[in-house]
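Notes follow once the structure below has been shown.
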Amino acid sequence: MHATDQSEGALACQTLRFYDTNAEVYAEQTRGIDLAHLYKPFLSALPPGSRILDVGCGAGRDLKHFVEEGFEAVGVDPSEKLSAIASEFSGCQVLVSSVLDLSFNQEFDGAWACASLIHLPRRHFPSALGKIFLSLRQRGVLFISMQIGNGEIVTEDGRFIARYTSEELSDAIEQAGFELVNAWITPDSLPGRQSVVWVNAIARKLSKA
């Protein structure tokens with residue numbers, strides 16, 4: 001279903017309700033996913049012991065991995081239930097917040113936004129990238145993954161998703177003040193989702209004049 005069939009506010013509430021209602025099931029489904037192919041290029045671009053902001057941390061899978069690799073990590077997620085699960089699972093601080101409400105100022109060396117900003121309306125995407133830009137220290141590293149496609153949709157389970165072409169994502173990243181380092185395409189990591197394809201990107205924060 002096209003997202004235009006419902007109001008933006010209703011879709012946001014509907015999406016958040018999905019994660020709050022299905023938090024435990026979602027945690028079980030996603031914790032076992034092997035994302036080594038995404039972790040490696042991101043973490044290798046960071047100095048040892050760097051501080052990472054996990055934007056939309058879900059059930060804490062990636063937070064836990066970052067800590068186990070010797071990094072300091074802080075999570076942010078708008079779902080209260082997922083945030084509680086993530087904090088307990090990873091042992092990290094997890095804030096209940098939308099990316100649009102972040103107020104960090106150059107506090108992190110890296111930002112990880114893995115399949116999380118897809119739930120933002122496209123018109124809010126530049127603001128979200130701006131908040132992440134401000135949260136990063138000079139030359140900070142951003143990893144982001146978004147579903148490839150066009151426009152905005154609502155999935156069968158009621159979640160809102162905004163999709164982007166590779167070119168659209170690259171342009172948005174650069175317009176936010178980042179230097180695009182690399183971009184590549186991967187299939188979905190969950191079984192039975194062959195139609196879902198992701199564009200991943202690593203970028204570095206540039207100084208603004």
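To be explicit about the labels: the chains of the structure tokens are called A, B, and onward in the order shown, and within each one the residues are counted from 1, while ligands get numbers from 1 in the order they are shown.
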Next on the checklist: I need the alpha helix (DSSP H) residues of range 12-115 of chain A per DSSP on the backbone, written as a PyMOL selection string.
Outcome noted: chain A and resi 12-21+23-30+36-43+61-68+80-90
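All residues of protein, DNA or RNA that reach within 9 Å of Val197 in chain A, judged by only C-alpha atoms and not counting those fewer than 2 positions away in the chain, are Met146, Gln147, Ile148, Gly149, Ile185, Thr186, Pro187, Asp188, Arg193, Gln194, Ser195 and Val199 of chain A.
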Next on the checklist: Could you list, as JSON, numbers by chain, every residue within 8 Å of Leu180 in chain A, counting only C-alpha atoms and ignoring same-chain residues fewer than 5 positions away?
Outcome noted: {"A": [170, 173, 174, 201, 202, 203, 204]}
Item to check | Every residue of range 13-114 of chain A that DSSP places in strand (DSSP E), as a PyMOL selection string | outcome: chain A and resi 51-55+72-77+93-96+108-114
What would the file look like if the residues just selected were written as an mmCIF file, in the first residue's frame with N, CA and C atoms?
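So selection_38.cif came out as:
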data_model
loop_
_atom_site.group_PDB
_atom_site.id
_atom_site.type_symbol
_atom_site.label_atom_id
_atom_site.label_comp_id
_atom_site.auth_asym_id
_atom_site.auth_seq_id
_atom_site.Cartn_x
_atom_site.Cartn_y
_atom_site.Cartn_z
ATOM 1 N N ARG A 51 33.974 5.787 20.178
ATOM 2 C CA ARG A 51 32.615 5.864 20.720
ATOM 3 C C ARG A 51 31.624 5.879 19.559
ATOM 4 N N ILE A 52 30.665 4.957 19.597
ATOM 5 C CA ILE A 52 29.727 4.764 18.493
ATOM 6 C C ILE A 52 28.309 5.045 18.954
ATOM 7 N N LEU A 53 27.563 5.758 18.120
ATOM 8 C CA LEU A 53 26.138 5.982 18.339
ATOM 9 C C LEU A 53 25.368 5.060 17.409
ATOM 10 N N ASP A 54 24.566 4.168 17.991
ATOM 11 C CA ASP A 54 23.728 3.250 17.204
ATOM 12 C C ASP A 54 22.335 3.871 17.092
ATOM 13 N N VAL A 55 22.028 4.396 15.926
ATOM 14 C CA VAL A 55 20.769 5.098 15.691
ATOM 15 C C VAL A 55 19.704 4.087 15.256
ATOM 16 N N GLU A 72 33.145 1.686 22.617
ATOM 17 C CA GLU A 72 32.116 2.193 23.526
ATOM 18 C C GLU A 72 30.900 2.521 22.675
ATOM 19 N N ALA A 73 29.716 2.119 23.122
ATOM 20 C CA ALA A 73 28.531 2.306 22.294
ATOM 21 C C ALA A 73 27.350 2.819 23.104
ATOM 22 N N VAL A 74 26.576 3.681 22.469
ATOM 23 C CA VAL A 74 25.340 4.217 23.033
ATOM 24 C C VAL A 74 24.242 3.994 22.004
ATOM 25 N N GLY A 75 23.090 3.515 22.458
ATOM 26 C CA GLY A 75 21.992 3.252 21.551
ATOM 27 C C GLY A 75 20.876 4.270 21.671
ATOM 28 N N VAL A 76 20.137 4.436 20.586
ATOM 29 C CA VAL A 76 18.953 5.294 20.558
ATOM 30 C C VAL A 76 17.869 4.549 19.794
ATOM 31 N N ASP A 77 16.670 4.502 20.351
ATOM 32 C CA ASP A 77 15.559 3.876 19.644
ATOM 33 C C ASP A 77 14.248 4.490 20.150
ATOM 34 N N GLN A 93 24.141 1.974 27.490
ATOM 35 C CA GLN A 93 23.126 3.002 27.678
ATOM 36 C C GLN A 93 22.288 3.097 26.405
ATOM 37 N N VAL A 94 20.975 3.077 26.571
ATOM 38 C CA VAL A 94 20.069 3.198 25.430
ATOM 39 C C VAL A 94 19.031 4.269 25.754
ATOM 40 N N LEU A 95 18.941 5.264 24.896
ATOM 41 C CA LEU A 95 18.004 6.361 25.085
ATOM 42 C C LEU A 95 16.747 6.126 24.250
ATOM 43 N N VAL A 96 15.598 6.414 24.827
ATOM 44 C CA VAL A 96 14.339 6.326 24.094
ATOM 45 C C VAL A 96 14.135 7.657 23.383
ATOM 46 N N PHE A 108 30.616 11.645 19.273
ATOM 47 C CA PHE A 108 30.856 10.282 18.803
ATOM 48 C C PHE A 108 31.842 10.270 17.639
ATOM 49 N N ASP A 109 32.571 9.151 17.547
ATOM 50 C CA ASP A 109 33.510 8.954 16.441
ATOM 51 C C ASP A 109 32.838 8.252 15.263
ATOM 52 N N GLY A 110 31.769 7.524 15.561
ATOM 53 C CA GLY A 110 31.062 6.807 14.517
ATOM 54 C C GLY A 110 29.573 6.782 14.787
ATOM 55 N N ALA A 111 28.790 6.717 13.717
ATOM 56 C CA ALA A 111 27.335 6.583 13.827
ATOM 57 C C ALA A 111 26.902 5.435 12.939
ATOM 58 N N TRP A 112 26.100 4.565 13.504
ATOM 59 C CA TRP A 112 25.637 3.348 12.826
ATOM 60 C C TRP A 112 24.123 3.438 12.692
ATOM 61 N N ALA A 113 23.634 3.511 11.462
ATOM 62 C CA ALA A 113 22.194 3.594 11.203
ATOM 63 C C ALA A 113 21.818 2.467 10.249
ATOM 64 N N CYS A 114 21.711 1.274 10.820
ATOM 65 C CA CYS A 114 21.498 0.068 10.024
ATOM 66 C C CYS A 114 19.998 -0.228 9.909
#
Checklist entry - Smallest atom-to-atom distance to Lys40 in chain A: which of A:Phe66, A:Gly140, A:Ala59, A:Phe89, using only C-alpha atoms? => result A:Phe66
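Non-sequential neighbours of range 160-165 of chain A (distance at most 7 Å, separation of 3 or more positions within a chain, only C-alpha atoms) are Ala3, Leu11, Thr15, Ile118, His119, Leu120, Pro121, Arg122, Met146, Gln147, Ile148, Gly149, Asn150, Gly151, Glu152, Ile153, Val154, Thr155, Glu168 and Leu169 of chain A.
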Just to be explicit: take each residue in the selection above, keep C-alpha atoms, and write the result as a PDB file, in the first residue's frame.
ATOM      1  CA  ALA A   3       1.956   5.613   2.279  1.00  0.00           C
ATOM      2  CA  LEU A  11       1.773   5.835  10.101  1.00  0.00           C
ATOM      3  CA  THR A  15       5.056   1.650  12.995  1.00  0.00           C
ATOM      4  CA  ILE A 118      13.783   3.630   6.566  1.00  0.00           C
ATOM      5  CA  HIS A 119      10.888   4.418   8.919  1.00  0.00           C
ATOM      6  CA  LEU A 120      11.280   8.189   8.507  1.00  0.00           C
ATOM      7  CA  PRO A 121       9.227  10.045   5.897  1.00  0.00           C
ATOM      8  CA  ARG A 122      11.491  11.121   3.071  1.00  0.00           C
ATOM      9  CA  MET A 146      18.413   1.815   3.308  1.00  0.00           C
ATOM     10  CA  GLN A 147      16.016  -0.276   1.266  1.00  0.00           C
ATOM     11  CA  ILE A 148      16.397   0.184  -2.463  1.00  0.00           C
ATOM     12  CA  GLY A 149      13.283   1.313  -4.279  1.00  0.00           C
ATOM     13  CA  ASN A 150      11.111   4.290  -5.008  1.00  0.00           C
ATOM     14  CA  GLY A 151       8.756   6.302  -2.832  1.00  0.00           C
ATOM     15  CA  GLU A 152       7.062   5.397   0.431  1.00  0.00           C
ATOM     16  CA  ILE A 153       5.058   2.282   1.217  1.00  0.00           C
ATOM     17  CA  VAL A 154       3.272   0.543   4.071  1.00  0.00           C
ATOM     18  CA  THR A 155       4.108  -3.139   4.507  1.00  0.00           C
ATOM     19  CA  GLU A 168      19.312   9.385  -4.023  1.00  0.00           C
ATOM     20  CA  LEU A 169      21.080   8.071  -0.935  1.00  0.00           C
TER      21      LEU A 169
END
Checklist entry - For Leu190 in chain A, which residue among A:Asp34, A:Glu68, A:Asp171, A:Glu88 is the nearest when counting only C-alpha atoms? => result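 Counting only C-alpha atoms, the residue closest to Leu190 in chain A is A:Asp34.
The nearest approach to Leu35 in chain A among the residues A:Ser145, A:Ser166, A:Ser50, A:Ser87, with only C-alpha atoms taken into account, belongs to A:Ser145.
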Item to check | Nearby residues (only C-alpha atoms) at most 8 Å from range 100-107 of chain A, same-chain spacing under 2 positions excluded, as a list of chain:residue names | outcome: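 In the requested form, the answer reads A:Arg51, A:Ser97, A:Ser98, A:Asp109, A:Ser127, A:Ala128, A:Lys131, A:Leu134, A:Ser135, A:Leu136, A:Arg137, A:Gln138.
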Item to check | Å distance separating CA of Ser7 in chain A from CA of Ala27 in chain A, one decimal place | outcome: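 That distance, rounded to one decimal, is 28.1 Å.
Note that the spacing between CA of Ser90 in chain A and CA of Asn200 in chain A amounts to 24.0 Å.
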Checklist entry - Hey, can you check how far CA of Phe133 in chain A sits from CA of Ser79 in chain A? => result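 These two atoms are separated by 22.5 Å.
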Shell of 8 Å around Gly177 in chain A, only C-alpha atoms, local chain residues under 6 positions omitted, as a CSV table (one decimal) with all heavy atoms, in the first residue's frame:
chain,number,residue,atom,x,y,z
A,133,PHE,N,25.1,14.2,11.7
A,133,PHE,CA,26.3,15.0,11.4
A,133,PHE,C,26.7,15.8,12.7
A,133,PHE,O,27.9,15.8,13.0
A,133,PHE,CB,26.0,16.0,10.3
A,133,PHE,CG,27.1,16.8,9.9
A,133,PHE,CD1,27.9,16.4,8.8
A,133,PHE,CD2,27.4,18.0,10.5
A,133,PHE,CE1,29.0,17.2,8.4
A,133,PHE,CE2,28.5,18.8,10.1
A,133,PHE,CZ,29.3,18.4,9.0
A,205,LYS,N,32.5,12.6,8.0
A,205,LYS,CA,32.1,14.0,8.2
A,205,LYS,C,33.1,14.9,7.7
A,205,LYS,O,34.3,14.8,8.1
A,205,LYS,CB,31.8,14.2,9.7
A,205,LYS,CG,31.5,15.6,10.1
A,205,LYS,CD,31.1,15.7,11.6
A,205,LYS,CE,30.8,17.1,11.9
A,205,LYS,NZ,30.4,17.3,13.4
A,206,LEU,N,32.7,15.9,7.0
A,206,LEU,CA,33.6,17.0,6.5
A,206,LEU,C,33.3,18.2,7.4
A,206,LEU,O,32.3,18.4,8.0
A,206,LEU,CB,33.3,17.4,5.1
A,206,LEU,CG,33.6,16.2,4.0
A,206,LEU,CD1,33.2,16.7,2.7
A,206,LEU,CD2,35.1,15.9,4.1
A,207,SER,N,34.3,19.1,7.5
A,207,SER,CA,34.1,20.3,8.2
A,207,SER,C,33.2,21.3,7.4
A,207,SER,O,33.4,21.4,6.2
A,207,SER,CB,35.4,21.0,8.5
A,207,SER,OG,36.1,21.3,7.3
A,208,LYS,N,32.3,22.0,8.0
A,208,LYS,CA,31.4,22.9,7.3
A,208,LYS,C,32.0,24.3,7.4
A,208,LYS,O,32.5,24.7,8.5
A,208,LYS,CB,30.0,22.9,7.9
A,208,LYS,CG,29.2,21.7,7.5
A,208,LYS,CD,27.7,21.9,7.8
A,208,LYS,CE,26.9,20.8,7.2
A,208,LYS,NZ,25.5,20.9,7.5
